[in-house]
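Novice: Take this structure first; my questions come after.
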Amino acid sequence: MAELIEYTLGELTINFDSARRPIKSSDRTSGETPYYGASGIVDWVVGHTHDGDFLLISEDGENLRSRSAPIAFETHGKVWVNNHAHVVAGRNPADTRLLRYALAQTDIAGYLTGSAQPKLSKSAMESIRLRLPTCDSRHAIAEVLGALDDKIAANDRTVRVLGNLSAALLEAELSKGQRSVPLGELATFHNRRRVPLSGRERESRNGTVPYYGAAGQLDTVDEALFNEPLSLVGEDGTVMRDGGQPVVQYIWGPSWVNNHAHVLTGNGISTELLSILLRRLNVAHLVTGAVQPKLSMGNLKSLEVAVPRDPTAIERRAQAHLAMHRATTDENTILARTRDELLPLLMSGKVRVGSKQVDARDFIATDGDQPVATE
C-alpha cells in the first residue's frame with residue numbers, strides 16, 4: 001500500500017480570498033464572465049476578480065452539511081467570485097485539481113459552525129486535515145481522474161453543441177414554411193402513470209433507476225414506471241426559464257417520474273422532434289400562481305406550436321442528434337462511475353497508478369472490465 005502523509009489544507013494551498021467581491025444582482029452588468037457563489041455559477045457578468053486556475057470551496061450554505069452538490073469546484077481563466085466561496089490554488093499547481101477530489105471524500109462536519117446557516121471559515125478551512133499520497137503519486141492521480149473529468153466535460157460540450165445545432169436547423173426548416181398545431185395534437189400525455197414518492201419512501205426503495213421531478217433528477221429508486229424516450233415539462237415549482245421557455249428534459253431508459261413534471265411522447269412526430277419543438281416555446285402567459293408557479297396540462301395542451309410544413313428533414317436530423325446525445329450522456333455515466341470508484345482507492349493508497357505516464361483509457365471501465373492499476 002502506498003505511503004500516506006497527513007497535511008492541513010492550508011499547508012497545501014495559497015489563499016486568494018482578498019480579491020473576492022460580491023455584487024448585488026441589481027448592480028451586475030451582463031457579460032461573459034462566470035459569477036460564482038457558494039455552489040457554482042449564479043450569473044454571468046462583465047469584469048473579473050481572478051484570472052488563472054483556482055479551486056473554489058463553499059464558505060457557507062446548507063450544502064456544506066447536506067453535500068447534495070460538490071463543495072469544491074475548479075475554475076480556469078477569468079472568473080468573478082463573491083464572498084460565499086473561498087478561493088485557493090495549490091502551492092504545487094497539480095494539487096489544485098487533486099484537492100478537489102480529496103475534499104469530495106472528506107467529512108468536514110467538525111469544521112463547520114452555525115446551526116441555521118452552516119459556515120466554513122477561512123481558518124477552519126485551512127485546518128482541514130487530509131491524508132494524501134506522496135507528491136509524485138498525487139500528480140499521477142490528478143492526471144488520471146482529471147482525464148476522466150476532462151472527457152466528461154468535452155462530452156457535455158458536445159451535447160450543448162448538438163442542442164444548438166438542432167435548434168438552428170429547426171429555425172431554417174420553419175423559414176421554408178410552417179403550420180400551427182395545438183400541443184395537445186402533437187403530443188400524448190402520460191401524466192396518469194406518474195407516482196410521487198416521499199423522501200422516506202425513496203430511501204426505503206434505493207436503487208439505480210433515475211427519479212425525476214420538475215427540473216431534473218432528484219434521486220434513484222428500485223423500480224421503473226417508464227422505459228422509453230420521454231419529454232418532461234415542468235408542471236409546478238421550476239416551470240420556466242428566464243426567457244419564458246418551459247423547463248424541458250429529454251430522458252430515456254428506465255425512469256420514475258413524480259407529479260411535478262408532465263410526461264409526453266410524440267404523436268405523429270418523434271419524441272426527439274417534440275423535445276426540440278418544446279424548447280423554443282414561450283409559456284410565460286400560461287404560468288399561473290404567484291407563490292408556486294404552475295403550468296397546467298390544460299394550458300400546455302392548448303399552446304400553439306409552429307411545425308415545419310415538411311418535417312421530413314428535421315425529423316431525420318432530430319433523431320440522429322438525440323441518438324448521439326443519448327450515447328454521449330450514457331458514456332458520461334460510465335466515466336463518472338469509473339472516476340467515483342477509483343477515487344477512494346487511489347486516494348487511500350489501496351490502488352496505485354502504475355506510471356506517471358497514464359493513459360486514461362486504461363481506466364475507463366465497462367461492465368465486466370476492471371480498472372488497470374497496480375497494488
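How things are named: the first chain in the C-alpha cells is A, the next is B, and so on; residues count from 1 in each chain; ligands count from 1 in the order shown.
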Using DSSP secondary structure from the backbone, list all strand (DSSP E or B) positions within region 190-299 of chain A, as a PyMOL selection string.
Specialist: chain A and resi 209-212+217-221+226-227+230-234+236+240+246+248-251+254-257+261-266+288+294
Novice: Could you write out that same residue set with N, CA, C and O atoms as a short mmCIF file (atom, residue, chain, number, x, y, z; two decimals), in the first residue's frame?
Specialist:
data_model
loop_
_atom_site.label_atom_id
_atom_site.label_comp_id
_atom_site.auth_asym_id
_atom_site.auth_seq_id
_atom_site.Cartn_x
_atom_site.Cartn_y
_atom_site.Cartn_z
N VAL A 209 -32.59 3.29 -10.65
CA VAL A 209 -33.50 3.91 -11.63
C VAL A 209 -33.63 5.40 -11.31
O VAL A 209 -33.99 5.76 -10.19
N PRO A 210 -33.34 6.28 -12.27
CA PRO A 210 -33.45 7.72 -12.01
C PRO A 210 -34.88 8.13 -11.65
O PRO A 210 -35.85 7.66 -12.28
N TYR A 211 -35.00 9.01 -10.64
CA TYR A 211 -36.29 9.54 -10.18
C TYR A 211 -36.30 11.02 -10.51
O TYR A 211 -35.48 11.79 -10.01
N TYR A 212 -37.24 11.44 -11.39
CA TYR A 212 -37.24 12.80 -11.93
C TYR A 212 -38.36 13.65 -11.33
O TYR A 212 -39.46 13.17 -11.04
N GLN A 217 -33.20 15.25 -12.30
CA GLN A 217 -33.20 14.03 -11.49
C GLN A 217 -33.00 14.38 -10.03
O GLN A 217 -32.12 15.14 -9.66
N LEU A 218 -33.85 13.82 -9.17
CA LEU A 218 -33.81 14.10 -7.74
C LEU A 218 -33.21 12.97 -6.94
O LEU A 218 -32.69 13.19 -5.84
N ASP A 219 -33.29 11.74 -7.45
CA ASP A 219 -32.89 10.59 -6.65
C ASP A 219 -32.83 9.37 -7.56
O ASP A 219 -33.01 9.47 -8.78
N THR A 220 -32.60 8.21 -6.96
CA THR A 220 -32.72 6.94 -7.67
C THR A 220 -33.59 6.00 -6.85
O THR A 220 -33.61 6.08 -5.61
N VAL A 221 -34.33 5.13 -7.53
CA VAL A 221 -35.23 4.19 -6.86
C VAL A 221 -35.04 2.80 -7.46
O VAL A 221 -34.23 2.60 -8.36
N PHE A 226 -41.45 3.98 -16.39
CA PHE A 226 -41.32 4.17 -17.83
C PHE A 226 -40.03 3.53 -18.30
O PHE A 226 -39.08 3.38 -17.53
N ASN A 227 -39.98 3.18 -19.59
CA ASN A 227 -38.75 2.67 -20.18
C ASN A 227 -38.75 2.99 -21.66
O ASN A 227 -38.82 2.11 -22.52
N LEU A 230 -38.65 10.06 -23.43
CA LEU A 230 -39.74 10.92 -22.96
C LEU A 230 -39.30 12.37 -22.99
O LEU A 230 -38.12 12.68 -22.82
N SER A 231 -40.25 13.25 -23.19
CA SER A 231 -40.04 14.68 -22.98
C SER A 231 -40.78 15.06 -21.70
O SER A 231 -41.99 14.84 -21.60
N LEU A 232 -40.06 15.60 -20.73
CA LEU A 232 -40.67 16.06 -19.48
C LEU A 232 -40.74 17.58 -19.51
O LEU A 232 -39.78 18.25 -19.90
N VAL A 233 -41.87 18.11 -19.06
CA VAL A 233 -42.06 19.56 -18.98
C VAL A 233 -42.47 19.90 -17.56
O VAL A 233 -43.42 19.33 -17.03
N GLY A 234 -41.75 20.82 -16.93
CA GLY A 234 -42.04 21.20 -15.55
C GLY A 234 -43.49 21.64 -15.37
O GLY A 234 -43.99 22.47 -16.14
N ASP A 236 -44.95 22.29 -11.93
CA ASP A 236 -45.02 23.29 -10.87
C ASP A 236 -43.66 23.45 -10.21
O ASP A 236 -42.78 22.60 -10.35
N MET A 240 -40.27 27.50 -15.73
CA MET A 240 -40.00 28.43 -16.81
C MET A 240 -38.57 28.97 -16.70
O MET A 240 -38.09 29.27 -15.61
N PRO A 246 -40.32 26.86 -21.50
CA PRO A 246 -40.60 25.84 -20.47
C PRO A 246 -39.33 25.10 -20.09
O PRO A 246 -38.36 25.06 -20.83
N VAL A 248 -37.63 21.87 -19.99
CA VAL A 248 -37.82 20.63 -20.74
C VAL A 248 -36.65 19.69 -20.44
O VAL A 248 -35.49 20.09 -20.43
N GLN A 249 -36.98 18.42 -20.19
CA GLN A 249 -35.97 17.38 -20.05
C GLN A 249 -36.24 16.30 -21.09
O GLN A 249 -37.39 15.90 -21.28
N TYR A 250 -35.19 15.85 -21.75
CA TYR A 250 -35.30 14.70 -22.65
C TYR A 250 -34.62 13.54 -21.94
O TYR A 250 -33.43 13.61 -21.61
N ILE A 251 -35.38 12.48 -21.65
CA ILE A 251 -34.82 11.34 -20.91
C ILE A 251 -35.13 10.05 -21.68
O ILE A 251 -35.97 10.03 -22.58
N PRO A 254 -34.99 3.21 -18.36
CA PRO A 254 -35.85 3.06 -17.18
C PRO A 254 -35.88 4.36 -16.38
O PRO A 254 -34.84 4.97 -16.14
N SER A 255 -37.07 4.78 -15.96
CA SER A 255 -37.20 6.03 -15.21
C SER A 255 -38.47 6.00 -14.35
O SER A 255 -39.40 5.24 -14.62
N TRP A 256 -38.45 6.85 -13.33
CA TRP A 256 -39.62 7.09 -12.49
C TRP A 256 -39.83 8.60 -12.47
O TRP A 256 -38.89 9.35 -12.23
N VAL A 257 -41.04 9.06 -12.73
CA VAL A 257 -41.33 10.50 -12.78
C VAL A 257 -42.40 10.82 -11.74
O VAL A 257 -43.42 10.13 -11.67
N ALA A 261 -43.77 16.97 -13.03
CA ALA A 261 -43.37 17.12 -14.43
C ALA A 261 -44.38 16.42 -15.33
O ALA A 261 -44.77 15.28 -15.06
N HIS A 262 -44.83 17.12 -16.38
CA HIS A 262 -45.67 16.48 -17.39
C HIS A 262 -44.82 15.48 -18.17
O HIS A 262 -43.65 15.73 -18.45
N VAL A 263 -45.44 14.37 -18.55
CA VAL A 263 -44.72 13.31 -19.28
C VAL A 263 -45.33 13.20 -20.68
O VAL A 263 -46.51 12.89 -20.82
N LEU A 264 -44.52 13.45 -21.71
CA LEU A 264 -45.02 13.50 -23.08
C LEU A 264 -44.21 12.58 -23.99
O LEU A 264 -43.01 12.39 -23.80
N THR A 265 -44.90 12.04 -25.00
CA THR A 265 -44.24 11.41 -26.14
C THR A 265 -44.85 12.01 -27.40
O THR A 265 -45.95 12.59 -27.38
N GLY A 266 -44.16 11.88 -28.52
CA GLY A 266 -44.64 12.46 -29.77
C GLY A 266 -45.86 11.71 -30.29
O GLY A 266 -45.99 10.50 -30.14
N THR A 288 -49.43 30.08 -14.04
CA THR A 288 -50.27 30.67 -13.00
C THR A 288 -49.62 30.48 -11.64
O THR A 288 -48.70 29.68 -11.49
N LYS A 294 -47.21 27.45 -11.70
CA LYS A 294 -47.77 26.19 -12.20
C LYS A 294 -48.08 26.33 -13.69
O LYS A 294 -48.62 27.34 -14.14
#
Novice: Taking 3 positions as the minimum chain separation for residues in the same chain, which residues sit within 8 Å of Leu343 (chain A) when counting only C-alpha atoms? Answer as a list of chain:residue names.
Specialist: A:Tyr101, A:Leu145, A:Arg339, A:Asp340, A:Leu346, A:Met347
Novice: How would the residues just chosen look if you wrote them out with N, CA and C atoms as a PDB file, in the first residue's frame?
Specialist:
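Listing of out.pdb after writing:
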ATOM      1  N   TYR A 101     -10.666  16.463  -5.466  1.00  0.00           N
ATOM      2  CA  TYR A 101     -11.018  15.062  -5.255  1.00  0.00           C
ATOM      3  C   TYR A 101     -10.887  14.682  -3.778  1.00  0.00           C
ATOM      4  N   LEU A 145      -7.657  10.976 -12.862  1.00  0.00           N
ATOM      5  CA  LEU A 145      -9.014  11.425 -12.560  1.00  0.00           C
ATOM      6  C   LEU A 145      -9.363  12.661 -13.393  1.00  0.00           C
ATOM      7  N   ARG A 339     -14.698   7.036 -12.368  1.00  0.00           N
ATOM      8  CA  ARG A 339     -13.983   8.022 -11.547  1.00  0.00           C
ATOM      9  C   ARG A 339     -14.332   7.879 -10.074  1.00  0.00           C
ATOM     10  N   ASP A 340     -15.619   7.736  -9.785  1.00  0.00           N
ATOM     11  CA  ASP A 340     -16.060   7.660  -8.388  1.00  0.00           C
ATOM     12  C   ASP A 340     -15.599   6.368  -7.711  1.00  0.00           C
ATOM     13  N   LEU A 346      -7.639   5.222  -5.034  1.00  0.00           N
ATOM     14  CA  LEU A 346      -6.401   5.937  -5.320  1.00  0.00           C
ATOM     15  C   LEU A 346      -5.984   6.838  -4.162  1.00  0.00           C
ATOM     16  N   MET A 347      -6.954   7.538  -3.576  1.00  0.00           N
ATOM     17  CA  MET A 347      -6.632   8.484  -2.514  1.00  0.00           C
ATOM     18  C   MET A 347      -6.199   7.784  -1.234  1.00  0.00           C
TER      19      MET A 347
END
Novice: Can I get the residues of region 80-119 of chain A within 10 Å of region 46-58 of chain A, each with the closest pair of atoms and their distance in Å to one decimal, using only C-alpha atoms, sorted chain first then ascending number, as CSV?
Specialist:
residue,atom,partner,partner_atom,distance
A:Trp80,CA,A:His48,CA,4.5
A:Val81,CA,A:Thr49,CA,6.4
A:Asn82,CA,A:Thr49,CA,8.8
A:Asn83,CA,A:Ser58,CA,9.5
A:His84,CA,A:Ser58,CA,6.4
A:Ala85,CA,A:Ser58,CA,4.5
A:His86,CA,A:Ile57,CA,5.0
A:Val87,CA,A:Leu56,CA,4.8
A:Val88,CA,A:Leu55,CA,5.3
A:Ala89,CA,A:Phe54,CA,4.9
A:Gly90,CA,A:Phe54,CA,8.0
A:Pro93,CA,A:Asp53,CA,8.3
A:Asp95,CA,A:Leu55,CA,9.7
A:Thr96,CA,A:Leu55,CA,6.1
A:Arg97,CA,A:Leu55,CA,7.4
A:Leu98,CA,A:Leu55,CA,9.9
A:Leu99,CA,A:Leu55,CA,8.1
A:Arg100,CA,A:Leu55,CA,7.1
A:Leu103,CA,A:Ile57,CA,9.1
A:Lys119,CA,A:Ser58,CA,8.5
Novice: For the residues selected in the previous step, produce a file with C-alpha atoms as a short mmCIF file (atom, residue, chain, number, x, y, z; two decimals), in the first residue's frame.
Specialist:
data_model
loop_
_atom_site.label_atom_id
_atom_site.label_comp_id
_atom_site.auth_asym_id
_atom_site.auth_seq_id
_atom_site.Cartn_x
_atom_site.Cartn_y
_atom_site.Cartn_z
CA TRP A 80 -15.75 36.72 -10.65
CA VAL A 81 -16.15 35.24 -7.16
CA ASN A 82 -18.39 36.62 -4.43
CA ASN A 83 -17.85 36.27 -0.67
CA HIS A 84 -19.65 32.91 -0.37
CA ALA A 85 -16.79 30.82 -1.77
CA HIS A 86 -13.16 30.63 -0.69
CA VAL A 87 -10.60 30.91 -3.49
CA VAL A 88 -7.40 28.85 -3.24
CA ALA A 89 -4.79 27.32 -5.51
CA GLY A 90 -2.36 24.51 -4.84
CA PRO A 93 -0.23 23.53 -9.42
CA ASP A 95 -2.56 19.85 -6.30
CA THR A 96 -5.33 22.31 -7.25
CA ARG A 97 -7.23 19.55 -9.03
CA LEU A 98 -6.16 16.80 -6.63
CA LEU A 99 -7.55 18.71 -3.62
CA ARG A 100 -10.99 18.84 -5.22
CA LEU A 103 -12.38 17.21 -0.36
CA LYS A 119 -20.26 28.25 7.74
#
Novice: Write out as a list in words the set of residues from region 28-127 of chain A that DSSP, computed on the backbone, places in helix (DSSP H, G or I).
Specialist: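 Those residues are Asn63, Leu64, Arg65, Ser66, Pro93, Ala94, Asp95, Thr96, Arg97, Leu98, Leu99, Arg100, Tyr101, Ala102, Leu103, Ala104, Ala109, Gly110, Tyr111, Lys122, Ser123, Ala124, Met125 and Glu126 of chain A.
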Novice: Can I get the selected residues back with N, CA, C and O atoms, as a short mmCIF file (atom, residue, chain, number, x, y, z; two decimals), in the first residue's frame?
Specialist:
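Generated output (result-v6.cif):
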data_model
loop_
_atom_site.label_atom_id
_atom_site.label_comp_id
_atom_site.auth_asym_id
_atom_site.auth_seq_id
_atom_site.Cartn_x
_atom_site.Cartn_y
_atom_site.Cartn_z
N ASN A 63 -25.62 23.34 1.85
CA ASN A 63 -24.94 22.27 1.11
C ASN A 63 -23.67 21.79 1.81
O ASN A 63 -23.23 20.67 1.60
N LEU A 64 -23.09 22.64 2.66
CA LEU A 64 -21.91 22.20 3.42
C LEU A 64 -22.23 21.01 4.32
O LEU A 64 -21.38 20.17 4.59
N ARG A 65 -23.49 20.96 4.80
CA ARG A 65 -23.90 19.83 5.63
C ARG A 65 -24.50 18.70 4.80
O ARG A 65 -24.17 17.54 4.96
N SER A 66 -25.40 19.06 3.88
CA SER A 66 -26.12 18.03 3.13
C SER A 66 -25.24 17.36 2.08
O SER A 66 -25.46 16.20 1.73
N PRO A 93 0.95 23.41 -8.54
CA PRO A 93 -0.23 23.53 -9.42
C PRO A 93 -1.03 22.24 -9.59
O PRO A 93 -2.25 22.28 -9.70
N ALA A 94 -0.35 21.09 -9.61
CA ALA A 94 -1.07 19.82 -9.79
C ALA A 94 -2.00 19.53 -8.63
O ALA A 94 -2.98 18.78 -8.78
N ASP A 95 -1.73 20.13 -7.47
CA ASP A 95 -2.56 19.85 -6.30
C ASP A 95 -3.92 20.55 -6.36
O ASP A 95 -4.84 20.17 -5.63
N THR A 96 -4.05 21.59 -7.19
CA THR A 96 -5.33 22.31 -7.25
C THR A 96 -6.45 21.35 -7.61
O THR A 96 -7.50 21.33 -6.97
N ARG A 97 -6.22 20.53 -8.62
CA ARG A 97 -7.23 19.55 -9.03
C ARG A 97 -7.33 18.40 -8.02
O ARG A 97 -8.42 17.98 -7.65
N LEU A 98 -6.18 17.93 -7.56
CA LEU A 98 -6.16 16.80 -6.63
C LEU A 98 -6.95 17.11 -5.36
O LEU A 98 -7.67 16.25 -4.84
N LEU A 99 -6.86 18.35 -4.86
CA LEU A 99 -7.55 18.71 -3.62
C LEU A 99 -9.06 18.70 -3.79
O LEU A 99 -9.80 18.46 -2.83
N ARG A 100 -9.54 18.96 -4.99
CA ARG A 100 -10.99 18.84 -5.22
C ARG A 100 -11.44 17.41 -4.97
O ARG A 100 -12.48 17.17 -4.34
N TYR A 101 -10.67 16.46 -5.47
CA TYR A 101 -11.02 15.06 -5.25
C TYR A 101 -10.89 14.68 -3.78
O TYR A 101 -11.72 13.94 -3.24
N ALA A 102 -9.86 15.20 -3.12
CA ALA A 102 -9.67 14.88 -1.70
C ALA A 102 -10.82 15.40 -0.86
O ALA A 102 -11.34 14.71 0.02
N LEU A 103 -11.28 16.63 -1.14
CA LEU A 103 -12.38 17.21 -0.36
C LEU A 103 -13.69 16.48 -0.63
O LEU A 103 -14.56 16.43 0.24
N ALA A 104 -13.83 15.90 -1.82
CA ALA A 104 -15.07 15.19 -2.16
C ALA A 104 -15.32 14.01 -1.25
O ALA A 104 -16.47 13.60 -1.05
N ALA A 109 -17.78 18.00 8.65
CA ALA A 109 -18.80 18.42 9.62
C ALA A 109 -18.18 19.05 10.86
O ALA A 109 -18.69 20.04 11.41
N GLY A 110 -17.06 18.51 11.33
CA GLY A 110 -16.43 19.02 12.54
C GLY A 110 -15.77 20.36 12.38
O GLY A 110 -15.38 20.99 13.39
N TYR A 111 -15.66 20.86 11.15
CA TYR A 111 -15.03 22.16 10.91
C TYR A 111 -16.06 23.27 10.71
O TYR A 111 -15.68 24.44 10.56
N LYS A 122 -12.36 30.77 6.98
CA LYS A 122 -11.06 30.61 6.35
C LYS A 122 -10.12 29.80 7.24
O LYS A 122 -9.45 28.87 6.77
N SER A 123 -10.10 30.12 8.53
CA SER A 123 -9.19 29.40 9.43
C SER A 123 -9.60 27.94 9.57
O SER A 123 -8.74 27.05 9.61
N ALA A 124 -10.92 27.68 9.63
CA ALA A 124 -11.38 26.30 9.73
C ALA A 124 -11.06 25.52 8.46
O ALA A 124 -10.62 24.37 8.50
N MET A 125 -11.27 26.16 7.33
CA MET A 125 -10.96 25.50 6.05
C MET A 125 -9.48 25.12 5.98
O MET A 125 -9.13 24.00 5.60
N GLU A 126 -8.63 26.06 6.37
CA GLU A 126 -7.19 25.80 6.27
C GLU A 126 -6.72 24.76 7.27
O GLU A 126 -5.63 24.20 7.11
#
Novice: Hey, can you check how far CA of Gln105 (chain A) sits from CA of Val144 (chain A)?
Specialist: 16.9 Å
Novice: Rank nothing, just name the residue among A:Thr271, A:Ser348, A:Ser18, A:Ser296 nearest to Ala323 (chain A), using only C-alpha atoms.
Specialist: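 When distances to Ala323 (chain A) are compared using only C-alpha atoms, the smallest one comes from A:Thr271.
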Novice: Under the rule that only C-alpha atoms are counted, which of A:Ala215, A:Leu274, A:Leu335, A:Thr113 is the nearest residue to Val305 (chain A)?
Specialist: A:Leu274
Novice: Region 310-312 of chain A: which residues within 12 Å, counting only C-alpha atoms, same-chain residues fewer than 3 positions away excluded, as a list in words?
Specialist: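 Non-adjacent residues within range: Leu169, Leu170, Glu171, Ala172, Glu173, Leu174, Ser175, Lys176, Gly177, Gln178, Arg179, Gly268, Ile269, Ser270, Leu273, Leu274, Leu277, Ala306, Val307, Glu315, Arg316, Arg317, Ala318 and Gln319 of chain A.
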Novice: What is the distance between CA of Ser121 (chain A) and CA of Tyr36 (chain A), in Å to one decimal?
Specialist: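 Result for CA of Ser121 (chain A) versus CA of Tyr36 (chain A): 17.6 Å, one decimal.
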Novice: Excluding Ala284 (chain A) and residues on its chain fewer than 5 positions from it, collect all residues at most 10 Å away from it, counting only C-alpha atoms, and give them as a list in words.
Specialist: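 Once the adjacent positions are removed, what remains is Val239, Met240, Arg241, Asp242, Gly243, Gly244, Gln245, Pro246 and Leu295 of chain A.
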Novice: Go ahead and dump the residues you just picked, C-alpha atoms, as a PDB file, in the first residue's frame.
Specialist:
ATOM      1  CA  VAL A 239     -41.531  25.603 -14.769  1.00  0.00           C
ATOM      2  CA  MET A 240     -40.000  28.432 -16.812  1.00  0.00           C
ATOM      3  CA  ARG A 241     -36.582  29.696 -17.911  1.00  0.00           C
ATOM      4  CA  ASP A 242     -35.631  33.376 -17.795  1.00  0.00           C
ATOM      5  CA  GLY A 243     -36.714  33.885 -21.415  1.00  0.00           C
ATOM      6  CA  GLY A 244     -40.144  32.355 -20.846  1.00  0.00           C
ATOM      7  CA  GLN A 245     -39.311  28.937 -22.301  1.00  0.00           C
ATOM      8  CA  PRO A 246     -40.604  25.842 -20.474  1.00  0.00           C
ATOM      9  CA  LEU A 295     -48.091  25.175 -15.844  1.00  0.00           C
TER      10      LEU A 295
END
Novice: If you count only C-alpha atoms, which residues fall within 10 Å of region 300-303 of chain A, apart from same-chain ones fewer than 2 positions away, as a PDB file with N, CA and C atoms, in the first residue's frame?
Specialist:
ATOM      1  N   SER A 180     -49.382  25.874 -37.686  1.00  0.00           N
ATOM      2  CA  SER A 180     -49.570  25.966 -36.239  1.00  0.00           C
ATOM      3  C   SER A 180     -50.487  24.836 -35.776  1.00  0.00           C
ATOM      4  N   VAL A 181     -50.029  24.081 -34.775  1.00  0.00           N
ATOM      5  CA  VAL A 181     -50.760  22.918 -34.269  1.00  0.00           C
ATOM      6  C   VAL A 181     -50.802  22.984 -32.744  1.00  0.00           C
ATOM      7  N   PRO A 182     -51.974  22.764 -32.125  1.00  0.00           N
ATOM      8  CA  PRO A 182     -52.012  22.719 -30.655  1.00  0.00           C
ATOM      9  C   PRO A 182     -51.136  21.582 -30.134  1.00  0.00           C
ATOM     10  N   LEU A 183     -50.437  21.831 -29.044  1.00  0.00           N
ATOM     11  CA  LEU A 183     -49.556  20.807 -28.493  1.00  0.00           C
ATOM     12  C   LEU A 183     -50.318  19.534 -28.157  1.00  0.00           C
ATOM     13  N   GLY A 184     -51.576  19.670 -27.769  1.00  0.00           N
ATOM     14  CA  GLY A 184     -52.384  18.501 -27.448  1.00  0.00           C
ATOM     15  C   GLY A 184     -52.548  17.543 -28.612  1.00  0.00           C
ATOM     16  N   GLU A 185     -52.354  18.033 -29.852  1.00  0.00           N
ATOM     17  CA  GLU A 185     -52.419  17.163 -31.030  1.00  0.00           C
ATOM     18  C   GLU A 185     -51.052  16.585 -31.397  1.00  0.00           C
ATOM     19  N   LEU A 186     -49.990  17.248 -30.973  1.00  0.00           N
ATOM     20  CA  LEU A 186     -48.639  16.802 -31.315  1.00  0.00           C
ATOM     21  C   LEU A 186     -48.066  15.829 -30.300  1.00  0.00           C
ATOM     22  N   ALA A 187     -48.658  15.803 -29.099  1.00  0.00           N
ATOM     23  CA  ALA A 187     -48.071  15.015 -28.015  1.00  0.00           C
ATOM     24  C   ALA A 187     -49.131  14.179 -27.318  1.00  0.00           C
ATOM     25  N   THR A 188     -48.705  13.020 -26.841  1.00  0.00           N
ATOM     26  CA  THR A 188     -49.519  12.188 -25.950  1.00  0.00           C
ATOM     27  C   THR A 188     -49.023  12.394 -24.532  1.00  0.00           C
ATOM     28  N   PHE A 189     -49.938  12.724 -23.631  1.00  0.00           N
ATOM     29  CA  PHE A 189     -49.590  12.946 -22.230  1.00  0.00           C
ATOM     30  C   PHE A 189     -49.761  11.645 -21.443  1.00  0.00           C
ATOM     31  N   VAL A 233     -41.871  18.106 -19.064  1.00  0.00           N
ATOM     32  CA  VAL A 233     -42.061  19.555 -18.984  1.00  0.00           C
ATOM     33  C   VAL A 233     -42.466  19.903 -17.559  1.00  0.00           C
ATOM     34  N   GLU A 235     -44.167  21.059 -14.363  1.00  0.00           N
ATOM     35  CA  GLU A 235     -45.568  21.407 -14.113  1.00  0.00           C
ATOM     36  C   GLU A 235     -45.710  22.439 -13.001  1.00  0.00           C
ATOM     37  N   PRO A 246     -40.320  26.856 -21.502  1.00  0.00           N
ATOM     38  CA  PRO A 246     -40.604  25.842 -20.474  1.00  0.00           C
ATOM     39  C   PRO A 246     -39.334  25.096 -20.085  1.00  0.00           C
ATOM     40  N   HIS A 262     -44.829  17.118 -16.376  1.00  0.00           N
ATOM     41  CA  HIS A 262     -45.672  16.481 -17.388  1.00  0.00           C
ATOM     42  C   HIS A 262     -44.820  15.482 -18.168  1.00  0.00           C
ATOM     43  N   LEU A 281     -40.680  27.137 -27.354  1.00  0.00           N
ATOM     44  CA  LEU A 281     -41.965  27.728 -26.998  1.00  0.00           C
ATOM     45  C   LEU A 281     -41.803  28.790 -25.922  1.00  0.00           C
ATOM     46  N   ASN A 282     -42.816  29.659 -25.815  1.00  0.00           N
ATOM     47  CA  ASN A 282     -42.887  30.623 -24.716  1.00  0.00           C
ATOM     48  C   ASN A 282     -44.162  30.343 -23.935  1.00  0.00           C
ATOM     49  N   VAL A 283     -44.009  30.069 -22.647  1.00  0.00           N
ATOM     50  CA  VAL A 283     -45.163  29.691 -21.825  1.00  0.00           C
ATOM     51  C   VAL A 283     -45.450  30.715 -20.735  1.00  0.00           C
ATOM     52  N   LEU A 286     -48.943  31.435 -19.819  1.00  0.00           N
ATOM     53  CA  LEU A 286     -49.744  30.294 -19.368  1.00  0.00           C
ATOM     54  C   LEU A 286     -49.456  29.893 -17.921  1.00  0.00           C
ATOM     55  N   VAL A 287     -48.383  30.444 -17.351  1.00  0.00           N
ATOM     56  CA  VAL A 287     -47.995  30.074 -15.987  1.00  0.00           C
ATOM     57  C   VAL A 287     -48.863  30.820 -14.986  1.00  0.00           C
ATOM     58  N   LEU A 295     -47.753  25.266 -14.432  1.00  0.00           N
ATOM     59  CA  LEU A 295     -48.091  25.175 -15.844  1.00  0.00           C
ATOM     60  C   LEU A 295     -48.984  23.958 -15.994  1.00  0.00           C
ATOM     61  N   SER A 296     -50.291  24.198 -16.060  1.00  0.00           N
ATOM     62  CA  SER A 296     -51.258  23.093 -16.046  1.00  0.00           C
ATOM     63  C   SER A 296     -51.248  22.330 -17.366  1.00  0.00           C
ATOM     64  N   MET A 297     -51.748  21.104 -17.331  1.00  0.00           N
ATOM     65  CA  MET A 297     -51.828  20.281 -18.532  1.00  0.00           C
ATOM     66  C   MET A 297     -52.779  20.906 -19.535  1.00  0.00           C
ATOM     67  N   GLY A 298     -53.891  21.441 -19.047  1.00  0.00           N
ATOM     68  CA  GLY A 298     -54.858  22.061 -19.955  1.00  0.00           C
ATOM     69  C   GLY A 298     -54.248  23.231 -20.705  1.00  0.00           C
ATOM     70  N   VAL A 305     -48.143  25.372 -31.480  1.00  0.00           N
ATOM     71  CA  VAL A 305     -46.753  25.057 -31.778  1.00  0.00           C
ATOM     72  C   VAL A 305     -46.497  25.210 -33.274  1.00  0.00           C
ATOM     73  N   ALA A 306     -45.423  25.933 -33.623  1.00  0.00           N
ATOM     74  CA  ALA A 306     -45.049  26.073 -35.036  1.00  0.00           C
ATOM     75  C   ALA A 306     -44.290  24.823 -35.472  1.00  0.00           C
TER      76      ALA A 306
END
Novice: Please determine, counting only C-alpha atoms, which residue among A:Thr106, A:Asn267, A:Asn258, A:Thr333 has the shortest atom-to-atom distance to Arg192 (chain A).
Specialist: A:Asn258
Novice: Could you name the residues that touch Glu331 (chain A) at 10 Å or less, counting only C-alpha atoms, but leaving out those on the same chain fewer than 3 positions away, as a short mmCIF file (atom, residue, chain, number, x, y, z; two decimals) with C-alpha atoms, in the first residue's frame?
Specialist:
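So the final result, stored in around-v3.cif, reads:
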data_model
loop_
_atom_site.label_atom_id
_atom_site.label_comp_id
_atom_site.auth_asym_id
_atom_site.auth_seq_id
_atom_site.Cartn_x
_atom_site.Cartn_y
_atom_site.Cartn_z
CA LYS A 151 -13.64 13.75 -21.19
CA ILE A 152 -16.92 14.23 -19.31
CA ASN A 155 -18.96 15.26 -23.89
CA HIS A 325 -26.94 12.84 -27.25
CA ARG A 326 -28.03 9.57 -25.65
CA ALA A 327 -24.78 7.77 -26.48
CA THR A 328 -22.63 10.66 -25.21
CA ILE A 334 -19.79 5.16 -17.22
CA LEU A 335 -16.93 7.67 -16.95
CA ALA A 336 -18.34 9.24 -13.79
CA ARG A 337 -18.92 5.81 -12.22
CA ILE A 364 -12.50 3.67 -18.42
CA THR A 366 -17.23 -1.01 -18.86
#
